[in-house]
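Asker: Sharing protein.cif (mmCIF, C-alpha atoms) below.
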```
data_work
#
loop_
_atom_site.label_atom_id
_atom_site.label_comp_id
_atom_site.auth_asym_id
_atom_site.auth_seq_id
_atom_site.Cartn_x
_atom_site.Cartn_y
_atom_site.Cartn_z
CA MET F 15 0.00 0.00 0.00
CA THR F 16 1.19 3.52 -0.83
CA ASN F 17 0.24 6.86 0.64
CA ASP F 18 -2.36 7.43 -2.07
CA THR F 19 -4.14 4.08 -1.88
CA ILE F 20 -6.31 2.36 0.70
CA SER F 21 -7.04 -1.34 1.08
CA PHE F 22 -10.60 -2.66 1.45
CA ASN F 23 -11.04 -6.11 2.99
CA ILE F 24 -14.63 -7.06 2.20
CA PHE F 25 -16.79 -9.96 3.32
CA ARG F 26 -17.97 -11.95 0.31
CA PHE F 27 -20.59 -14.67 0.16
CA ASN F 28 -23.02 -15.72 -2.54
CA PRO F 29 -25.35 -18.48 -1.26
CA ALA F 30 -26.04 -19.53 -4.85
CA SER F 31 -22.42 -20.40 -5.60
CA ASP F 32 -20.23 -20.27 -2.48
CA LYS F 33 -19.94 -23.01 0.11
CA GLU F 34 -18.27 -20.71 2.62
CA ALA F 35 -17.83 -17.00 3.15
CA TYR F 36 -14.46 -15.36 2.55
CA PHE F 37 -12.80 -11.95 2.52
CA GLN F 38 -11.57 -10.30 -0.65
CA LYS F 39 -9.09 -7.42 -0.78
CA TYR F 40 -9.13 -4.46 -3.13
CA GLU F 41 -6.92 -1.41 -3.39
CA ILE F 42 -8.43 1.90 -4.42
CA PRO F 43 -7.10 5.45 -4.88
CA PHE F 44 -7.10 7.50 -1.71
CA THR F 45 -6.52 11.07 -2.80
CA ARG F 46 -9.19 12.89 -0.76
CA LYS F 47 -9.38 13.22 3.02
CA ASP F 48 -13.17 13.37 2.81
CA LEU F 49 -13.51 10.05 0.97
CA THR F 50 -16.20 7.92 2.62
CA VAL F 51 -16.42 4.15 2.94
CA LEU F 52 -19.48 4.16 0.69
CA GLU F 53 -17.60 6.05 -2.02
CA GLY F 54 -14.89 3.42 -1.75
CA LEU F 55 -17.41 0.63 -2.21
CA VAL F 56 -18.95 2.37 -5.21
CA TYR F 57 -15.49 2.78 -6.75
CA ILE F 58 -14.79 -0.93 -6.28
CA GLN F 59 -18.12 -1.86 -7.83
CA GLN F 60 -17.57 0.43 -10.81
CA HIS F 61 -13.85 -0.10 -11.43
CA ARG F 62 -12.72 -3.30 -9.72
CA ASP F 63 -15.55 -5.82 -9.33
CA ASP F 64 -19.10 -5.23 -10.49
CA SER F 65 -20.30 -8.40 -8.71
CA LEU F 66 -19.97 -6.76 -5.28
CA ALA F 67 -23.39 -6.35 -3.63
CA PHE F 68 -24.34 -3.78 -0.99
CA ARG F 69 -27.18 -1.39 -0.19
CA SER F 70 -27.12 2.40 -0.43
CA SER F 71 -29.48 5.20 -1.34
CA CYS F 72 -29.43 8.75 -0.01
CA ARG F 73 -25.69 9.11 0.75
CA ALA F 74 -26.67 11.67 3.42
CA ALA F 75 -27.15 9.55 6.57
CA VAL F 76 -30.92 9.81 6.28
CA CYS F 77 -32.16 6.52 4.79
CA GLY F 78 -30.04 4.12 6.88
CA SER F 79 -29.69 1.63 4.04
CA CYS F 80 -25.87 1.57 3.97
CA ALA F 81 -25.44 0.33 7.55
CA MET F 82 -22.71 -2.29 7.86
CA HIS F 83 -19.93 -3.46 10.20
CA ILE F 84 -16.87 -1.31 9.51
CA ASN F 85 -13.59 -1.81 11.38
CA GLY F 86 -15.17 -3.30 14.47
CA LYS F 87 -18.31 -1.17 14.74
CA TYR F 88 -21.70 -0.92 13.07
CA ARG F 89 -21.81 2.35 11.14
CA LEU F 90 -23.29 4.08 8.10
CA ALA F 91 -20.88 3.74 5.20
CA CYS F 92 -22.03 7.06 3.71
CA ASN F 93 -20.89 9.21 6.62
CA THR F 94 -17.87 7.20 7.73
CA LEU F 95 -14.72 8.99 6.59
CA ILE F 96 -11.86 6.64 5.80
CA SER F 97 -9.41 9.20 7.18
CA LYS F 98 -11.15 9.08 10.58
CA LEU F 99 -10.66 5.32 10.84
CA ASN F 100 -6.89 5.84 11.15
CA THR F 101 -6.07 2.62 9.37
CA LYS F 102 -4.53 1.38 6.15
CA THR F 103 -7.17 -1.36 5.79
CA VAL F 104 -10.95 -0.95 5.91
CA THR F 105 -12.56 -4.25 6.92
CA ILE F 106 -16.26 -4.53 6.15
CA ARG F 107 -18.82 -7.13 7.18
CA PRO F 108 -22.60 -7.23 6.70
CA LEU F 109 -25.18 -6.54 9.40
CA ALA F 110 -25.51 -9.43 11.84
CA HIS F 111 -28.45 -11.65 12.87
CA MET F 112 -29.98 -11.59 9.40
CA ALA F 113 -29.57 -13.99 6.50
CA ILE F 114 -27.02 -12.97 3.88
CA GLN F 115 -28.49 -12.65 0.41
CA LYS F 116 -25.15 -11.70 -1.14
CA ASP F 117 -21.97 -10.11 0.23
CA LEU F 118 -22.97 -7.06 2.32
CA PHE F 119 -26.61 -7.38 1.28
CA VAL F 120 -28.75 -9.00 4.00
CA ASP F 121 -32.40 -10.05 4.22
CA MET F 122 -34.10 -7.26 6.19
CA LYS F 123 -37.51 -8.95 6.25
CA PRO F 124 -37.36 -10.07 9.93
CA PHE F 125 -36.37 -6.53 10.93
CA TRP F 126 -39.28 -4.98 9.05
CA GLU F 127 -41.68 -7.57 10.45
CA LYS F 128 -40.77 -6.43 13.95
CA TYR F 129 -41.32 -2.83 12.90
CA GLU F 130 -44.75 -3.73 11.53
CA GLN F 131 -45.57 -5.60 14.74
CA ILE F 132 -45.24 -2.46 16.88
CA LYS F 133 -47.81 -0.57 14.75
CA PRO F 134 -45.58 2.42 13.92
CA TYR F 135 -48.32 4.95 13.27
CA LEU F 136 -50.54 7.20 15.34
CA MET F 137 -53.68 5.59 16.73
CA PRO F 138 -55.69 8.48 18.22
CA GLY F 139 -58.37 6.26 19.79
CA ARG F 140 -60.81 9.18 19.66
CA PRO F 141 -62.53 11.34 17.05
CA LEU F 142 -60.05 13.59 15.32
CA PRO F 143 -60.50 17.38 15.40
CA SER F 144 -62.01 19.04 12.39
CA GLU F 145 -58.82 21.04 11.83
CA TRP F 146 -56.13 19.78 9.48
CA GLU F 147 -53.72 18.97 12.29
CA GLN F 148 -53.67 17.96 15.95
CA ILE F 149 -52.02 20.72 17.90
CA GLN F 150 -49.30 19.94 20.42
CA SER F 151 -47.87 22.30 23.00
CA THR F 152 -44.16 23.03 23.03
CA ASP F 153 -43.75 20.85 26.11
CA GLU F 154 -45.69 17.96 24.53
CA ARG F 155 -43.57 18.15 21.40
CA SER F 156 -40.33 18.28 23.38
CA LYS F 157 -41.07 14.81 24.78
CA LEU F 158 -40.49 13.41 21.29
CA ASN F 159 -37.00 14.87 20.98
CA GLY F 160 -34.52 12.07 20.47
CA LEU F 161 -37.28 9.59 19.69
CA ILE F 162 -38.46 10.62 16.23
CA ASP F 163 -35.05 10.58 14.54
CA CYS F 164 -34.63 6.82 14.13
CA ILE F 165 -33.68 6.05 10.51
CA LEU F 166 -34.29 2.28 10.82
CA CYS F 167 -30.73 1.40 9.85
CA ALA F 168 -30.66 -1.76 12.04
CA CYS F 169 -27.28 -0.96 13.60
CA CYS F 170 -28.81 -1.37 17.05
CA HIS F 171 -30.53 -4.60 16.01
CA SER F 172 -27.30 -6.12 14.74
CA SER F 173 -25.23 -5.06 17.73
CA CYS F 174 -27.69 -6.50 20.27
CA PRO F 175 -26.64 -9.92 21.66
CA ILE F 176 -30.24 -10.75 22.61
CA THR F 177 -31.49 -10.51 19.02
CA ALA F 178 -28.79 -13.04 18.16
CA MET F 179 -30.16 -15.57 20.65
CA HIS F 180 -33.92 -14.94 20.41
CA GLU F 181 -35.27 -14.37 16.90
CA ASP F 182 -38.67 -13.23 18.24
CA TYR F 183 -37.18 -10.60 20.53
CA LEU F 184 -38.51 -7.22 19.42
CA GLY F 185 -35.17 -5.51 19.82
CA PRO F 186 -33.98 -1.96 20.57
CA MET F 187 -35.36 -0.41 17.36
CA SER F 188 -38.86 -1.55 18.27
CA PHE F 189 -38.64 -0.28 21.83
CA LEU F 190 -37.35 3.14 20.79
CA ASN F 191 -40.21 3.53 18.32
CA ILE F 192 -42.87 2.30 20.74
CA ASP F 193 -41.57 4.81 23.29
CA ARG F 194 -41.94 7.44 20.57
CA PHE F 195 -45.69 6.77 20.31
CA VAL F 196 -46.27 6.22 24.05
CA SER F 197 -44.72 9.67 24.58
CA ASP F 198 -46.86 11.32 21.88
CA SER F 199 -49.81 13.30 23.24
CA ARG F 200 -51.72 12.65 20.01
CA ASP F 201 -51.66 8.88 20.39
CA GLY F 202 -54.43 7.04 22.24
CA ALA F 203 -53.11 3.48 22.20
CA ARG F 204 -50.85 3.62 25.25
CA GLN F 205 -52.18 0.46 26.89
CA GLU F 206 -52.05 -1.51 23.65
CA ARG F 207 -48.47 -0.46 23.01
CA LEU F 208 -47.31 -1.23 26.55
CA ALA F 209 -48.93 -4.66 26.29
CA ILE F 210 -46.77 -5.37 23.23
CA VAL F 211 -43.53 -4.72 25.13
CA ASN F 212 -44.71 -6.24 28.42
CA SER F 213 -44.32 -9.72 26.97
CA GLU F 214 -41.92 -12.65 26.77
CA ASN F 215 -40.03 -11.02 23.90
CA GLY F 216 -40.43 -7.49 25.18
CA VAL F 217 -38.44 -5.10 27.35
CA TRP F 218 -37.89 -7.54 30.23
CA ARG F 219 -35.64 -9.69 28.06
CA CYS F 220 -33.18 -6.81 27.61
CA HIS F 221 -29.89 -7.37 29.46
CA SER F 222 -28.84 -3.68 29.35
CA VAL F 223 -25.61 -4.30 27.43
CA PHE F 224 -25.84 -0.77 25.94
CA ASN F 225 -24.49 -1.84 22.51
CA CYS F 226 -27.54 -0.31 20.85
CA GLN F 227 -26.82 3.08 22.37
CA GLU F 228 -23.14 2.99 21.45
CA VAL F 229 -23.64 2.22 17.75
CA CYS F 230 -26.63 4.43 16.90
CA PRO F 231 -25.47 6.78 14.11
CA LYS F 232 -27.99 9.38 15.27
CA ASP F 233 -26.86 9.23 18.92
CA LEU F 234 -30.29 8.07 20.05
CA ASN F 235 -30.87 6.17 23.27
CA PRO F 236 -32.77 2.88 22.82
CA THR F 237 -31.60 1.74 26.27
CA GLY F 238 -33.22 4.82 27.79
CA SER F 239 -36.46 4.02 25.97
CA ILE F 240 -36.41 0.48 27.36
CA THR F 241 -36.01 1.88 30.88
CA SER F 242 -38.80 4.39 30.28
CA LEU F 243 -41.18 1.69 29.04
CA LYS F 244 -40.40 -0.51 32.05
CA LYS F 245 -41.25 2.42 34.34
CA GLU F 246 -44.57 2.99 32.57
CA ILE F 247 -45.48 -0.70 32.88
CA VAL F 248 -44.66 -0.70 36.60
CA LYS F 249 -46.62 2.53 37.15
CA ASP F 250 -49.71 0.98 35.56
CA LYS F 251 -49.28 -2.13 37.69
CA ILE F 252 -49.13 -0.07 40.88
CA ARG F 253 -52.18 1.97 39.91
CA SER F 254 -54.20 -1.17 39.26
#
```
Starting from the file, lay out its structure as structure tokens.
Answerer:
Amino acid sequence: MTNDTISFNIFRFNPASDKEAYFQKYEIPFTRKDLTVLEGLVYIQQHRDDSLAFRSSCRAAVCGSCAMHINGKYRLACNTLISKLNTKTVTIRPLAHMAIQKDLFVDMKPFWEKYEQIKPYLMPGRPLPSEWEQIQSTDERSKLNGLIDCILCACCHSSCPITAMHEDYLGPMSFLNIDRFVSDSRDGARQERLAIVNSENGVWRCHSVFNCQEVCPKDLNPTGSITSLKKEIVKDKIRS
């Protein structure tokens, strides 16, 4: 490797043709300090190996589709600067706990099924006002800060050791998003939502490892949401 190149060590596996997974190395030009891991992958796909498979879309850390395991941590490839990794080799693996469809491209269906299970939409539970929108006070809206910014990248899901052991475990993404609706003054399904997480595969199965909090690219706090939901469940139990 020279000063103007960088080495990519990429996980490769095609279930249709490979018996085992392996890593493949590529060298690419490294002439810009702001070069991202995603740009490196695109360069490899366009100039080195067009069979390489990975997901990407917005390139602005909004869609979450380029989440992958990069040099020991789950990150978004689009906003991970190679220069910040302080390494001569970028090692990339796919998201964990999901079946590999090809290379860095995993089957997200189980993840989205969990998202669907939590009913990620407002359920007012009462007649809506005749106005176009439901008004919230500043204080009511502030309760959603840090909860509405989840981009569904699955970094937290893949870093969680409990999702690895229990496939039906809802996982940190689900708990953060349920907390988002439980905290929303416009939602009227509080009891229904708490019943979802007060279950065998709900918040009580969490071991508070804090991996989900450490890897979130938006610096959100799924562990805090799990604690908050536990408190709400206990409060309801005491009141009853």
Asker: Ranking F:Ala178, F:Val51, F:Leu136, F:Leu95 by minimum distance to Met112 of chain F and counting only C-alpha atoms, which one comes first?
Answerer: F:Ala178
Asker: Using only C-alpha atoms - which residues lie no farther than 12 Å from the point (-11.4, 16.0, 3.2) in the file's frame? Write them as a PyMOL selection string.
Answerer: chain F and resi 44-50+94-98
Asker: Using only C-alpha atoms for the distances, tell me which of F:Phe125, F:Phe37, F:Phe25, F:Phe189 is nearest to His83 of chain F.
Answerer: F:Phe25
Asker: Using only C-alpha atoms, determine which residues lie at most 12 Å from Leu166 of chain F, disregarding the query and same-chain residues fewer than 4 positions distant; provide the list as a PyMOL selection string.
Answerer: chain F and resi 75-81+90+122+125-126+128-129+134+161-162+170-172+185-188+190-191+230-232+234
Asker: Please write the residues from the selection above to a file, keeping C-alpha atoms, as an mmCIF file, in the frame of the given file.
Answerer:
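Saved result, out.cif, follows:
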```
data_model
loop_
_atom_site.group_PDB
_atom_site.id
_atom_site.type_symbol
_atom_site.label_atom_id
_atom_site.label_comp_id
_atom_site.auth_asym_id
_atom_site.auth_seq_id
_atom_site.Cartn_x
_atom_site.Cartn_y
_atom_site.Cartn_z
ATOM 1 C CA ALA F 75 -27.150 9.550 6.570
ATOM 2 C CA VAL F 76 -30.920 9.810 6.280
ATOM 3 C CA CYS F 77 -32.160 6.520 4.790
ATOM 4 C CA GLY F 78 -30.040 4.120 6.880
ATOM 5 C CA SER F 79 -29.690 1.630 4.040
ATOM 6 C CA CYS F 80 -25.870 1.570 3.970
ATOM 7 C CA ALA F 81 -25.440 0.330 7.550
ATOM 8 C CA LEU F 90 -23.290 4.080 8.100
ATOM 9 C CA MET F 122 -34.100 -7.260 6.190
ATOM 10 C CA PHE F 125 -36.370 -6.530 10.930
ATOM 11 C CA TRP F 126 -39.280 -4.980 9.050
ATOM 12 C CA LYS F 128 -40.770 -6.430 13.950
ATOM 13 C CA TYR F 129 -41.320 -2.830 12.900
ATOM 14 C CA PRO F 134 -45.580 2.420 13.920
ATOM 15 C CA LEU F 161 -37.280 9.590 19.690
ATOM 16 C CA ILE F 162 -38.460 10.620 16.230
ATOM 17 C CA CYS F 170 -28.810 -1.370 17.050
ATOM 18 C CA HIS F 171 -30.530 -4.600 16.010
ATOM 19 C CA SER F 172 -27.300 -6.120 14.740
ATOM 20 C CA GLY F 185 -35.170 -5.510 19.820
ATOM 21 C CA PRO F 186 -33.980 -1.960 20.570
ATOM 22 C CA MET F 187 -35.360 -0.410 17.360
ATOM 23 C CA SER F 188 -38.860 -1.550 18.270
ATOM 24 C CA LEU F 190 -37.350 3.140 20.790
ATOM 25 C CA ASN F 191 -40.210 3.530 18.320
ATOM 26 C CA CYS F 230 -26.630 4.430 16.900
ATOM 27 C CA PRO F 231 -25.470 6.780 14.110
ATOM 28 C CA LYS F 232 -27.990 9.380 15.270
ATOM 29 C CA LEU F 234 -30.290 8.070 20.050
#
```
Asker: Please write the residues picked by the PyMOL selection byres ((chain F and resi 236) around 6) on this file as a list in words.
Answerer: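 On this input, the PyMOL selection byres ((chain F and resi 236) around 6) captures Pro186, Leu190, Gln227, Asn235, Thr237, Gly238 and Ser239 of chain F.
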Asker: Since I can't run it myself right now, could you work out what the PyMOL selection byres ((chain F and resi 54) around 12) selects here and report it as JSON, numbers by chain?
Answerer: {"F": [19, 20, 21, 22, 23, 24, 40, 41, 42, 43, 44, 45, 46, 48, 49, 50, 51, 52, 53, 55, 56, 57, 58, 59, 60, 61, 62, 63, 66, 68, 91, 92, 93, 94, 95, 96, 97, 103, 104, 105, 106]}
Asker: Between atom CA of Leu184 of chain F and atom CA of Asn28 of chain F, what is the distance in Å, rounded to a tenth?
Answerer: 28.2 Å
Asker: For the structure provided, state which residues fall under the PyMOL selection byres ((chain F and resi 194-203) around 7), and present them as an MDAnalysis selection string.
Answerer: chainID F and resid 136:139 148 154 157:158 161:162 190:193 204:207
Asker: One decimal, in Å: what's the spacing between atom CA of Lys123 of chain F and atom CA of Ala209 of chain F?
Answerer: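 Computing the Euclidean distance for atom CA of Lys123 of chain F and atom CA of Ala209 of chain F yields 23.5 Å.
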Asker: Given the choices F:Val211, F:Ile149, F:Leu243, F:Met82, which gets closest to Leu118 of chain F if the distance is worked out from all atoms listed in the file?
Answerer: F:Met82
Asker: Please produce segment 215-250 of chain F, completed to N, CA and C atoms, as a compact mmCIF listing (two decimals), in the coordinates of the input.
Answerer:
```
# COMPACT_ATOMS: atom_id res chain seq x y z
N ASN F 215 -41.08 -11.53 24.79
CA ASN F 215 -40.03 -11.02 23.90
C ASN F 215 -39.96 -9.50 23.92
N GLY F 216 -40.42 -8.93 25.03
CA GLY F 216 -40.43 -7.49 25.18
C GLY F 216 -39.26 -6.95 25.99
N VAL F 217 -39.51 -5.84 26.68
CA VAL F 217 -38.44 -5.10 27.35
C VAL F 217 -37.76 -5.88 28.48
N TRP F 218 -38.47 -6.83 29.08
CA TRP F 218 -37.89 -7.54 30.23
C TRP F 218 -36.79 -8.51 29.80
N ARG F 219 -36.70 -8.81 28.54
CA ARG F 219 -35.64 -9.69 28.06
C ARG F 219 -34.33 -8.94 27.82
N CYS F 220 -34.39 -7.62 27.81
CA CYS F 220 -33.18 -6.81 27.61
C CYS F 220 -32.21 -7.01 28.76
N HIS F 221 -30.93 -7.18 28.45
CA HIS F 221 -29.89 -7.37 29.46
C HIS F 221 -29.07 -6.10 29.71
N SER F 222 -29.49 -4.98 29.14
CA SER F 222 -28.84 -3.68 29.35
C SER F 222 -27.34 -3.74 29.05
N VAL F 223 -27.01 -4.23 27.86
CA VAL F 223 -25.61 -4.30 27.43
C VAL F 223 -25.14 -2.94 26.89
N PHE F 224 -26.08 -2.13 26.44
CA PHE F 224 -25.84 -0.77 25.94
C PHE F 224 -25.18 -0.73 24.56
N ASN F 225 -25.04 -1.86 23.88
CA ASN F 225 -24.49 -1.84 22.51
C ASN F 225 -25.33 -0.97 21.59
N CYS F 226 -26.64 -1.05 21.74
CA CYS F 226 -27.54 -0.31 20.85
C CYS F 226 -27.31 1.19 20.96
N GLN F 227 -27.06 1.65 22.16
CA GLN F 227 -26.82 3.08 22.37
C GLN F 227 -25.48 3.51 21.79
N GLU F 228 -24.48 2.65 21.90
CA GLU F 228 -23.14 2.99 21.45
C GLU F 228 -23.03 3.08 19.93
N VAL F 229 -23.81 2.26 19.20
CA VAL F 229 -23.64 2.22 17.75
C VAL F 229 -24.61 3.10 16.98
N CYS F 230 -25.62 3.65 17.63
CA CYS F 230 -26.63 4.43 16.90
C CYS F 230 -25.99 5.61 16.18
N PRO F 231 -26.11 5.69 14.86
CA PRO F 231 -25.47 6.78 14.11
C PRO F 231 -26.12 8.13 14.34
N LYS F 232 -27.30 8.14 14.96
CA LYS F 232 -27.99 9.38 15.27
C LYS F 232 -27.89 9.74 16.75
N ASP F 233 -27.06 8.99 17.47
CA ASP F 233 -26.86 9.23 18.92
C ASP F 233 -28.17 9.18 19.70
N LEU F 234 -29.04 8.26 19.31
CA LEU F 234 -30.29 8.07 20.05
C LEU F 234 -30.05 7.10 21.20
N ASN F 235 -31.05 6.92 22.03
CA ASN F 235 -30.87 6.17 23.27
C ASN F 235 -31.92 5.07 23.42
N PRO F 236 -31.81 3.98 22.67
CA PRO F 236 -32.77 2.88 22.82
C PRO F 236 -32.79 2.30 24.24
N THR F 237 -31.64 2.26 24.90
CA THR F 237 -31.60 1.74 26.27
C THR F 237 -32.44 2.61 27.19
N GLY F 238 -32.39 3.91 26.99
CA GLY F 238 -33.22 4.82 27.79
C GLY F 238 -34.69 4.59 27.54
N SER F 239 -35.06 4.30 26.29
CA SER F 239 -36.46 4.02 25.97
C SER F 239 -36.93 2.74 26.64
N ILE F 240 -36.06 1.74 26.69
CA ILE F 240 -36.41 0.48 27.36
C ILE F 240 -36.68 0.74 28.84
N THR F 241 -35.82 1.53 29.47
CA THR F 241 -36.01 1.88 30.88
C THR F 241 -37.30 2.65 31.08
N SER F 242 -37.58 3.59 30.18
CA SER F 242 -38.80 4.39 30.28
C SER F 242 -40.05 3.52 30.16
N LEU F 243 -40.03 2.57 29.22
CA LEU F 243 -41.18 1.69 29.04
C LEU F 243 -41.38 0.78 30.25
N LYS F 244 -40.30 0.31 30.83
CA LYS F 244 -40.40 -0.51 32.05
C LYS F 244 -41.06 0.29 33.17
N LYS F 245 -40.67 1.56 33.30
CA LYS F 245 -41.25 2.42 34.34
C LYS F 245 -42.75 2.60 34.12
N GLU F 246 -43.15 2.80 32.86
CA GLU F 246 -44.57 2.99 32.57
C GLU F 246 -45.38 1.72 32.88
N ILE F 247 -44.80 0.57 32.58
CA ILE F 247 -45.48 -0.70 32.88
C ILE F 247 -45.66 -0.86 34.38
N VAL F 248 -44.61 -0.57 35.14
CA VAL F 248 -44.66 -0.70 36.60
C VAL F 248 -45.66 0.30 37.18
N LYS F 249 -45.67 1.53 36.67
CA LYS F 249 -46.62 2.53 37.15
C LYS F 249 -48.05 2.05 36.98
N ASP F 250 -48.36 1.49 35.82
CA ASP F 250 -49.71 0.98 35.56
C ASP F 250 -50.05 -0.17 36.50
```
